[in-house]
Each structure stands twice: as C-alpha cells, then as structure tokens.
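J.: Just so it is clear, I am handing over data.cif, which has mmCIF, C-alpha atoms.
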data_structure
#
loop_
_atom_site.label_atom_id
_atom_site.label_comp_id
_atom_site.auth_asym_id
_atom_site.auth_seq_id
_atom_site.Cartn_x
_atom_site.Cartn_y
_atom_site.Cartn_z
CA MET A 1 -15.34 12.55 38.35
CA ASN A 2 -13.79 14.71 35.66
CA TYR A 3 -12.56 13.09 32.48
CA ILE A 4 -10.97 13.85 29.11
CA GLU A 5 -12.60 12.77 25.84
CA PRO A 6 -9.48 12.25 23.73
CA HIS A 7 -11.29 11.44 20.48
CA GLY A 8 -14.58 13.05 19.46
CA HIS A 9 -15.76 14.41 16.12
CA MET A 10 -17.75 17.26 17.55
CA VAL A 11 -18.49 18.99 14.25
CA SER A 12 -20.92 16.08 13.76
CA ARG A 13 -22.58 16.47 17.15
CA THR A 14 -25.21 18.83 18.48
CA THR A 15 -24.67 21.49 21.10
CA ASP A 16 -26.85 19.36 23.38
CA ASP A 17 -24.06 16.81 23.35
CA TYR A 18 -21.57 19.38 24.57
CA GLU A 19 -23.91 20.17 27.43
CA ARG A 20 -24.45 16.50 28.33
CA MET A 21 -20.70 15.82 28.22
CA ALA A 22 -20.03 18.82 30.45
CA LEU A 23 -22.65 17.62 32.93
CA ALA A 24 -20.95 14.20 32.96
CA GLY A 25 -17.61 15.77 33.91
CA CYS A 26 -15.89 16.25 30.57
CA GLN A 27 -13.18 18.91 30.83
CA ALA A 28 -11.50 18.57 27.43
CA ILE A 29 -12.33 17.16 24.00
CA CYS A 30 -9.77 16.38 21.34
CA GLU A 31 -11.06 16.31 17.77
CA PRO A 32 -9.11 14.46 15.09
CA ALA A 33 -9.74 15.49 11.50
CA PHE A 34 -12.16 13.05 9.94
CA TRP A 35 -14.09 11.92 6.87
CA ALA A 36 -17.27 13.94 6.39
CA GLY A 37 -19.35 10.91 5.33
CA PHE A 38 -18.79 11.86 1.70
CA ASP A 39 -15.68 12.65 -0.33
CA ARG A 40 -14.94 16.38 -0.41
CA ALA A 41 -14.50 17.89 -3.85
CA SER A 42 -11.55 20.17 -3.27
CA ALA A 43 -8.76 21.18 -0.93
CA GLN A 44 -10.69 24.36 -0.22
CA GLY A 45 -13.29 22.25 1.56
CA PHE A 46 -10.55 21.00 3.90
CA TYR A 47 -9.22 24.51 4.42
CA ASP A 48 -12.63 25.52 5.75
CA TYR A 49 -12.85 22.34 7.82
CA PHE A 50 -9.46 23.06 9.41
CA ARG A 51 -10.69 26.58 10.22
CA GLN A 52 -13.84 25.08 11.73
CA ILE A 53 -11.96 22.75 14.12
CA THR A 54 -9.26 25.29 15.02
CA GLU A 55 -11.42 28.42 15.32
CA TYR A 56 -15.13 27.78 15.66
CA GLU A 57 -15.38 24.47 17.53
CA PRO A 58 -13.21 25.66 20.49
CA LYS A 59 -15.65 28.53 20.97
CA ARG A 60 -18.65 26.18 20.92
CA ALA A 61 -16.97 23.92 23.51
CA ALA A 62 -15.94 26.87 25.69
CA ARG A 63 -19.59 27.82 26.23
CA TYR A 64 -19.82 24.67 28.37
CA GLY A 65 -16.46 25.08 30.09
CA ILE A 66 -14.84 22.42 27.92
CA ALA A 67 -11.38 22.90 26.42
CA HIS A 68 -11.19 21.89 22.75
CA TYR A 69 -8.11 20.60 20.93
CA CYS A 70 -7.70 19.08 17.48
CA TRP A 71 -5.55 17.07 15.09
CA LEU A 72 -5.13 17.71 11.35
CA CYS A 73 -5.00 15.45 8.30
CA ILE A 74 -6.93 14.03 5.37
CA ASN A 75 -8.61 10.78 6.39
CA PRO A 76 -7.46 7.54 4.70
CA LYS A 77 -10.95 7.11 3.26
CA GLU A 78 -10.10 9.97 0.89
CA ALA A 79 -6.57 8.80 0.09
CA GLU A 80 -7.40 7.17 -3.25
CA ASP A 81 -7.55 10.66 -4.78
CA VAL A 82 -3.82 11.13 -4.37
CA GLN A 83 -3.69 14.58 -5.96
CA LEU A 84 -6.37 15.91 -3.62
CA ALA A 85 -4.64 14.28 -0.65
CA GLU A 86 -1.32 15.89 -1.55
CA GLU A 87 -3.00 19.30 -1.84
CA VAL A 88 -4.62 18.88 1.58
CA ILE A 89 -1.36 17.76 3.18
CA GLY A 90 0.19 20.92 1.76
CA LEU A 91 -2.31 22.99 3.74
CA ILE A 92 -1.51 21.43 7.11
CA PRO A 93 1.73 23.27 8.07
CA GLU A 94 -0.10 26.61 7.92
CA PHE A 95 -2.32 25.43 10.80
CA LEU A 96 0.19 23.60 12.99
CA ASN A 97 1.12 26.60 15.11
CA ARG A 98 -2.45 27.35 16.10
CA PRO A 99 -2.95 27.02 19.87
CA GLY A 100 -5.23 23.98 19.99
CA VAL A 101 -3.52 21.84 17.35
CA LEU A 102 -1.97 18.78 19.00
CA GLY A 103 -0.49 17.04 15.96
CA ILE A 104 -1.21 14.99 12.85
CA GLY A 105 -4.26 12.73 12.92
CA GLU A 106 -6.24 10.66 12.62
CA ILE A 107 -4.11 9.26 9.83
CA GLY A 108 -3.69 5.60 8.98
CA LEU A 109 -5.33 3.04 6.77
CA ASN A 110 -8.90 2.10 5.90
CA LYS A 111 -8.91 -0.67 3.26
CA ASN A 112 -5.13 -1.22 3.36
CA SER A 113 -4.49 0.01 -0.18
CA ARG A 114 -1.22 1.20 -1.70
CA ASN A 115 -2.46 4.77 -2.04
CA GLU A 116 -3.64 4.83 1.57
CA LEU A 117 -0.20 3.65 2.65
CA ARG A 118 1.48 6.28 0.48
CA ILE A 119 -0.63 9.08 1.94
CA PHE A 120 -0.12 7.72 5.46
CA GLU A 121 3.64 7.92 4.93
CA ARG A 122 3.32 11.46 3.54
CA HIS A 123 1.56 12.48 6.76
CA LEU A 124 4.25 10.79 8.84
CA GLN A 125 6.87 12.80 6.98
CA VAL A 126 5.04 16.03 7.86
CA ALA A 127 4.83 14.93 11.49
CA GLN A 128 8.53 14.13 11.56
CA ASP A 129 9.54 17.35 9.79
CA HIS A 130 7.48 19.49 12.19
CA ASP A 131 8.07 17.43 15.36
CA GLN A 132 4.38 16.67 15.83
CA LEU A 133 2.53 14.04 17.84
CA VAL A 134 0.74 11.42 15.75
CA LEU A 135 -2.73 9.92 16.18
CA VAL A 136 -3.29 6.82 14.04
CA HIS A 137 -6.62 5.33 12.96
CA THR A 138 -6.62 1.57 12.40
CA PRO A 139 -9.02 -0.02 9.90
CA HIS A 140 -12.40 -1.44 10.72
CA LEU A 141 -13.45 -5.05 11.36
CA GLU A 142 -11.84 -7.61 9.04
CA ASP A 143 -9.22 -5.10 7.87
CA LYS A 144 -7.93 -4.13 11.33
CA LEU A 145 -5.34 -6.85 11.92
CA LYS A 146 -3.61 -6.48 8.56
CA GLY A 147 -3.85 -2.69 8.70
CA THR A 148 -2.37 -2.49 12.18
CA ARG A 149 0.60 -4.58 11.10
CA LEU A 150 1.17 -2.42 7.99
CA ILE A 151 0.90 0.75 10.11
CA VAL A 152 3.42 -0.45 12.70
CA ASP A 153 5.83 -1.49 9.93
CA ALA A 154 5.51 1.93 8.25
CA LEU A 155 6.06 3.79 11.52
CA LYS A 156 9.30 1.91 12.10
CA ASN A 157 10.70 3.53 8.93
CA PHE A 158 10.46 6.98 10.52
CA SER A 159 13.24 7.09 13.06
CA GLY A 160 12.36 10.67 13.99
CA LEU A 161 8.96 9.60 15.27
CA ARG A 162 9.49 8.13 18.71
CA PRO A 163 6.91 5.46 19.65
CA GLU A 164 5.99 7.24 22.87
CA ARG A 165 4.80 10.20 20.75
CA VAL A 166 2.48 8.05 18.61
CA ILE A 167 -0.90 6.68 19.64
CA ILE A 168 -2.50 3.90 17.61
CA ASP A 169 -6.24 4.04 18.10
CA HIS A 170 -9.18 1.60 17.88
CA VAL A 171 -7.19 -1.39 19.16
CA GLU A 172 -9.03 -4.59 20.04
CA GLU A 173 -8.00 -7.86 21.63
CA HIS A 174 -6.18 -9.08 18.51
CA THR A 175 -4.12 -5.89 17.98
CA ILE A 176 -3.45 -4.30 21.37
CA ASP A 177 -0.41 -6.38 22.27
CA HIS A 178 1.28 -5.72 18.92
CA VAL A 179 0.86 -1.96 19.42
CA LEU A 180 1.90 -1.73 23.08
CA ASP A 181 4.78 -4.19 22.79
CA GLN A 182 6.37 -1.93 20.14
CA GLY A 183 6.32 1.01 22.58
CA PHE A 184 3.39 2.93 21.09
CA TRP A 185 0.38 4.21 23.01
CA ALA A 186 -2.94 2.49 22.34
CA GLY A 187 -6.46 3.89 22.15
CA ILE A 188 -9.59 1.85 22.86
CA THR A 189 -12.76 3.06 21.18
CA LEU A 190 -16.13 2.42 22.80
CA TYR A 191 -18.82 1.88 20.19
CA PRO A 192 -22.29 0.42 20.58
CA GLU A 193 -21.86 -2.05 17.67
CA SER A 194 -18.33 -2.27 16.30
CA LYS A 195 -15.00 -1.76 18.02
CA CYS A 196 -15.31 -2.24 21.80
CA THR A 197 -17.88 -2.51 24.59
CA PRO A 198 -17.15 -1.13 28.07
CA HIS A 199 -16.51 -4.60 29.53
CA ARG A 200 -14.11 -5.61 26.78
CA ALA A 201 -12.27 -2.31 27.21
CA ILE A 202 -11.95 -2.90 30.94
CA ASP A 203 -10.72 -6.45 30.30
CA MET A 204 -7.93 -5.10 28.10
CA LEU A 205 -7.07 -2.35 30.55
CA GLU A 206 -6.75 -4.89 33.35
CA GLN A 207 -4.65 -7.27 31.28
CA ARG A 208 -2.27 -4.45 30.27
CA ARG A 209 -2.39 -2.72 33.67
CA ALA A 210 -3.75 0.44 32.06
CA GLU A 211 -0.30 1.51 30.93
CA ARG A 212 -0.02 3.78 27.84
CA ILE A 213 -3.73 3.36 27.06
CA TRP A 214 -6.57 5.84 26.73
CA MET A 215 -10.19 5.19 25.89
CA ASN A 216 -12.54 7.32 23.84
CA SER A 217 -16.02 7.48 22.36
CA ALA A 218 -14.91 8.55 18.85
CA CYS A 219 -18.42 10.00 18.62
CA ASP A 220 -19.24 11.19 15.13
CA TRP A 221 -22.20 11.28 12.73
CA GLY A 222 -22.61 7.47 12.87
CA ILE A 223 -23.86 5.11 15.58
CA SER A 224 -21.83 6.28 18.55
CA ASP A 225 -22.27 7.58 22.09
CA PRO A 226 -20.62 10.80 23.28
CA LEU A 227 -21.08 9.56 26.87
CA ALA A 228 -19.34 6.24 26.28
CA VAL A 229 -16.37 7.18 28.47
CA PRO A 230 -18.38 8.11 31.59
CA ARG A 231 -20.57 5.04 31.07
CA THR A 232 -17.42 2.90 31.06
CA MET A 233 -16.16 4.69 34.16
CA GLN A 234 -19.36 3.57 35.86
CA GLU A 235 -18.70 -0.04 34.80
CA MET A 236 -15.12 0.25 36.09
CA ARG A 237 -16.46 1.21 39.51
CA ARG A 238 -18.89 -1.75 39.43
CA ARG A 239 -15.93 -4.00 38.66
CA GLY A 240 -14.06 -2.88 41.74
CA TRP A 241 -11.78 -0.21 40.28
CA SER A 242 -10.57 2.42 42.73
CA PRO A 243 -11.28 6.07 41.93
CA GLU A 244 -7.52 6.62 41.55
CA MET A 245 -7.19 3.95 38.85
CA VAL A 246 -10.28 5.18 37.01
CA ARG A 247 -8.79 8.66 37.01
CA HIS A 248 -5.49 7.23 35.80
CA VAL A 249 -7.20 5.96 32.63
CA VAL A 250 -9.59 8.84 31.89
CA TRP A 251 -7.40 11.74 32.96
CA ASP A 252 -3.75 11.02 33.74
CA ASN A 253 -3.06 8.89 30.68
CA PRO A 254 -4.56 11.12 27.96
CA ALA A 255 -3.14 14.21 29.66
CA ALA A 256 0.33 12.66 29.80
CA PHE A 257 0.30 11.72 26.13
CA MET A 258 -1.07 15.00 24.83
CA ALA A 259 1.08 17.16 27.12
CA GLN A 260 3.98 16.07 24.92
CA SER A 261 2.59 18.49 22.33
CA GLY A 262 3.53 21.40 24.57
CA LYS A 263 0.04 22.81 24.06
CA PHE A 264 -2.25 20.57 26.10
CA ALA A 265 -2.74 21.86 29.63
CA LEU A 266 -5.59 21.44 32.10
CA ALA A 267 -5.84 22.55 35.73
CA MET B 1 3.54 6.62 35.70
CA LYS B 2 1.12 5.60 38.45
CA SER B 3 1.64 2.05 39.62
CA TRP B 4 -1.10 -0.45 38.83
CA THR B 5 -3.56 -1.24 41.60
CA PRO B 6 -5.73 -4.25 40.73
CA PRO B 7 -9.48 -3.78 41.17
CA GLN B 8 -11.22 -5.27 44.17
CA SER B 9 -12.57 -8.75 43.52
CA VAL B 10 -16.24 -8.71 42.50
CA ASN B 11 -18.64 -11.43 41.36
CA LEU B 12 -18.31 -11.15 37.58
CA ALA B 13 -21.07 -13.70 36.99
CA ASP B 14 -23.44 -11.48 38.95
CA LEU B 15 -22.40 -8.56 36.81
CA GLY B 16 -22.37 -10.17 33.39
CA PHE B 17 -24.31 -13.41 33.20
CA MET B 18 -27.72 -12.02 32.21
CA ASP B 19 -26.17 -9.83 29.53
CA ALA B 20 -24.13 -12.72 28.10
CA ARG B 21 -27.15 -15.05 28.26
CA SER B 22 -29.24 -12.55 26.35
CA LYS B 23 -26.59 -12.13 23.64
CA LEU B 24 -26.21 -15.90 23.27
CA ILE B 25 -29.94 -16.41 22.80
CA ASP B 26 -30.00 -13.56 20.28
CA LEU B 27 -27.20 -15.28 18.38
CA ALA B 28 -29.04 -18.59 18.42
CA ALA B 29 -32.21 -16.92 17.16
CA PHE B 30 -30.24 -15.22 14.39
CA LEU B 31 -28.87 -18.56 13.19
CA ASP B 32 -32.39 -20.05 13.27
CA ARG B 33 -33.74 -17.05 11.33
CA VAL B 34 -31.19 -17.17 8.51
CA GLN B 35 -31.61 -20.96 8.28
CA ARG B 36 -35.40 -20.68 7.95
CA ALA B 37 -34.83 -18.10 5.22
CA GLY B 38 -32.42 -20.40 3.40
CA GLN B 39 -29.57 -17.93 3.83
CA GLU B 40 -27.17 -19.91 6.00
CA GLY B 41 -24.75 -20.23 3.08
CA ASP B 42 -23.87 -16.54 3.30
CA PHE B 43 -20.12 -16.27 3.92
CA ARG B 44 -20.74 -14.02 6.94
CA VAL B 45 -23.00 -16.62 8.54
CA GLN B 46 -20.43 -19.31 7.82
CA ALA B 47 -17.74 -17.14 9.41
CA LEU B 48 -19.95 -16.67 12.43
CA LYS B 49 -20.45 -20.42 12.81
CA ARG B 50 -16.71 -21.03 12.59
CA ALA B 51 -16.14 -18.38 15.24
CA ILE B 52 -18.72 -19.92 17.54
CA GLY B 53 -16.66 -23.10 17.50
CA LEU B 54 -13.80 -21.17 19.10
CA LEU B 55 -15.83 -20.39 22.20
CA SER B 56 -15.50 -23.91 23.52
CA GLN B 57 -11.71 -23.72 23.85
CA GLU B 58 -10.46 -24.02 27.41
CA ALA B 59 -7.65 -21.50 27.31
CA PRO B 60 -8.38 -17.78 27.79
CA GLY B 61 -8.06 -15.61 24.71
CA ARG B 62 -11.41 -16.46 23.11
CA ALA B 63 -12.18 -12.87 22.13
CA ARG B 64 -8.82 -12.56 20.41
CA GLU B 65 -9.28 -15.86 18.58
CA VAL B 66 -12.76 -14.86 17.38
CA LEU B 67 -11.43 -11.55 16.08
CA LEU B 68 -8.57 -13.33 14.33
CA SER B 69 -11.04 -15.71 12.67
CA PHE B 70 -12.88 -12.74 11.12
CA SER B 71 -9.67 -11.05 9.94
CA ASP B 72 -8.13 -10.74 6.49
CA PRO B 73 -5.13 -13.09 6.67
CA SER B 74 -3.20 -11.43 3.80
CA SER B 75 -0.24 -9.15 4.41
CA GLU B 76 0.34 -7.08 1.25
CA PRO B 77 -1.48 -3.80 0.52
CA VAL B 78 -4.25 -4.10 -2.08
CA ALA B 79 -3.86 -2.26 -5.37
CA LYS B 80 -6.81 0.03 -4.76
CA ALA B 81 -9.63 0.40 -2.24
CA ALA B 82 -12.75 -0.94 -3.97
CA MET B 83 -15.07 0.33 -1.21
CA GLN B 84 -14.85 2.55 1.84
CA GLY B 85 -16.68 0.41 4.41
CA ALA B 86 -16.01 -2.96 6.01
CA ILE B 87 -18.15 -6.11 6.12
CA GLY B 88 -17.09 -7.80 9.36
CA ALA B 89 -15.85 -11.05 7.85
CA CYS B 90 -13.37 -11.78 5.11
CA PRO B 91 -15.09 -12.49 1.77
CA PRO B 92 -14.16 -15.81 0.12
#
Could you spell out this file's structure in structure tokens?

T.:
Amino acid sequence: MNYIEPHGHMVSRTTDDYERMALAGCQAICEPAFWAGFDRASAQGFYDYFRQITEYEPKRAARYGIAHYCWLCINPKEAEDVQLAEEVIGLIPEFLNRPGVLGIGEIGLNKNSRNELRIFERHLQVAQDHDQLVLVHTPHLEDKLKGTRLIVDALKNFSGLRPERVIIDHVEEHTIDHVLDQGFWAGITLYPESKCTPHRAIDMLEQRRAERIWMNSACDWGISDPLAVPRTMQEMRRRGWSPEMVRHVVWDNPAAFMAQSGKFALA
Amino acid sequence: MKSWTPPQSVNLADLGFMDARSKLIDLAAFLDRVQRAGQEGDFRVQALKRAIGLLSQEAPGRAREVLLSFSDPSSEPVAKAAMQGAIGACPP
C-alpha cells in the first residue's frame, strides 16, 4: 500500500533509505527544517540548508519516484541565540514561493524558555503574514506537557492562523486530547525509544477515530527508523484495521492537511 | 472526512502479551541492577518506581498517567535553556 511520510529529515539519511522507503510504498516525503546536531555559526549556513532542502533533496528523492516537500524555520534548539534566529527568520520569505515549500516548520519549543517562545511567536507572525501552514514541534520527554500547553496558548494569540491549518507534532497520550480538542491537527511520531511505539500510536488513533491525525517516522541522524510508518501499517492490519482505514491515516489525512498549502498534490 | 470504521476484533493478548511480559521482566531486572549497584536513589529511578505504582490502577488511562508523572508540573517559561536535551524525568 502506498503511503506518505509527512515528517522525515532526509538530509541526514542515506540514499539507501530513499530506496528502501520507495520499495515500501512511500510516494512523498515532507522534510521540516531541523537542528543539525550542532549549533550553526551563521545565517549563511541556514541559507545553504534552505537551498539544500528546496533544490537538491527533491532531486535525490525523485530518483526513486518520491515527491519531496519541505518546511522552513530555525529550530527551537537554536533559539537562545536570538540575533541569529532573527537573521534566519529574515531569510525565510525569499524561499516561501518555491514549489515544494509547504509552510513554516518545525517550529515550537524545546526547553520551554522565554527566548524559544519569543522566536516561536516570530515564526507564527511570518506564517500569518504570508498565509502559510504551520508545523509545530513539541518538546521531548519531561518538557512535552508544559511545552504543548505553552504552544497552544501562543497559537491562540494569532487569530489569522486557523487551527485547521496548524499541525502539532509528537503528541503522546498526555497531550493529544489538548491538541485535538482545540481544533488543531496532531502528529504522532514513531520512535524506537522515545515518543511512540506502533501499538501506542494505534491505541491513540482508535481512541480518537483517526480524525485530524497523521503519523510519521521523523527519521533523522539520531535513533530513528525511516520505515516506521510501513511497520506500523503492518501492525494496524494485525489489529484488524481495514485497508481503507489504514489508507485514511497514511494517505488521506496527510494529503488533506498539506493540500491546504496549494502546492501538495499526488496522483 | 472518511467516517470511522472500527477495526475487526482481534485477540490483543495473543498479539501483545509476550512483548509486554518481556518489557516487564527487563524493567524488574533494571531495578535489581541499580539496587545492587547502590544507585536506586537516583531521581530517575525514583520517578520510575512512582510511575510503576500507577500501573495497578483499575481505570484505563495508565499510559497517560505514567507520562504525567514524568512531566514538569510548572507552567511558566524558564529564563533560559540550560541544555538542549531532555532527561525523561523531572529533576528534583
């Protein structure tokens, strides 16, 4: 069955991964801008990174018949250097009209600091000013609950950003209801150690009837699995899911959300 | 939006018991290991033991309750991020 990987950091993955994902049925990958594993020294480094994910990575994906889309931002992990963050945010509008750019992301919070919140709100302003979709990263582990609440509160201050055009990613059992009940979309990330296992993801999907939810591997340079989505599809089948409902989660839902960009289109 | 069709009923114990059993034994062995090493006072181990206590509740929602028990209960942003990673339990 074909599927969409709505969150993968492919600049960190090998070409072998593209091939394996294509063999597993992946038709499109969406790449949010991300932390490189170290703090970049200048805005020029981000300029080149934005070129990489808007120009080069789509060509690499296309060799395997996979469509490639991306999101732009500076990650909250680099928000403590406010001057650098402001410079990077200033670069973003230049790239927004490129064909594969879906919106602003993955923005959000990491350690729930004041500077992270300030830079998050600066990104939201850009999204509102340019009528962009928003992809939000929620913090890890012990910081997730507090961060998710701060993020939802901040989003409510931007009346031009409609909840149905915002997805809040990396939800778990203690944050998913807060996100969905406010009208936002929710993303479930499948990680081998942190975040969510396939069975927990399926539990949440069943409890929320798979409405306004996508799931992703968020594969990057860390411990992660680019085939996490098809592995979870297999578990869904073992748990009695019909092919139509599996497709609803791995194709219809991400396609419906990202089609709001006006750029995302798959046959 | 496609209407929700519930999955067919399957035997979830058949599907998940061995995996859950294995994880529980691993957890027990971990607690034995840190105790033998004299490290059971670590705040993360203490947080784990508190969370284990939540598993015996009768009402569903155990996963949510465990996650809540590991979470930072504060609500105000911190002045500055002192680190970039996360630990998994809230430091004392």

J.: Return as a list of chain:residue names the set of residues that the PyMOL selection byres ((chain A) within 6 of (chain B)) yields on the displayed structure.

T.: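 On this input, the PyMOL selection byres ((chain A) within 6 of (chain B)) captures A:Lys111, A:Asn112, A:Ser113, A:Arg114, A:Leu141, A:Glu142, A:Asp143, A:Lys146, A:Glu173, A:His174, A:Arg209, A:Gly240, A:Trp241.
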
J.: Identify which of the residues B:Met18, B:Val34, B:Ala29, B:Ala59 lies closest to B:Gln46, counting only C-alpha atoms when measuring atom-to-atom distances.

T.: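 Checking each of B:Met18, B:Val34, B:Ala29, B:Ala59 against B:Gln46, counting only C-alpha atoms, the winner is B:Val34.
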
J.: So the first atom is atom CA of A:Ile4 and the second is atom CA of A:Leu91; what is the distance between them in Å, to one decimal place?

T.: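 Atom-to-atom, atom CA of A:Ile4 to atom CA of A:Leu91, that is 28.3 Å.
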
J.: Let me know the residues the PyMOL selection byres ((chain A and resi 248) around 10) catches in the file above, as a list in words.

T.: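 Applying the expression gives Tyr3, Ala210, Glu211, Ile213, Trp214, Ser242, Pro243, Glu244, Met245, Val246, Arg247, Val249, Val250, Trp251, Asp252, Asn253, Pro254, Ala255 and Ala256 of chain A; Met1, Lys2, Ser3 and Trp4 of chain B.
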
J.: Could you check how far atom CA of A:Leu23 sits from atom CA of A:Asn2, in Å to one decimal?

T.: 9.7 Å

J.: To one decimal place, how far is atom CA of A:Ile92 from atom CA of A:Val136 in Å?

T.: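 A separation of 16.3 Å between them.
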
J.: Which one of A:Gly108, A:Glu94, A:Gly100, A:Asn115 sits closest to A:Asp81 if you count all atoms listed in the file?

T.: A:Asn115

J.: Residues near stretch 37-42 of chain B, anyone? I mean within 12 Å using only C-alpha atoms, not counting same-chain ones fewer than 5 positions away, as a list in words.

T.: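 The residues that qualify are Phe30, Leu31, Asp32, Ala47, Leu48, Lys49, Ala89, Cys90, Pro91 and Pro92 of chain B.
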
J.: Can you list what the PyMOL selection byres ((chain A and resi 189) around 10) grabs from this structure, as a PyMOL selection string?

T.: chain A and resi 7+169-172+186-188+190-192+194-198+201+214-219+224+228-229

J.: Just the residues within 8 Å of A:Asn110, please, counting all atoms listed in the file, with nothing from its chain fewer than 5 positions along; format it as a ChimeraX atom specification.

T.: /A:76-77,116,138-140,143,147 /B:84
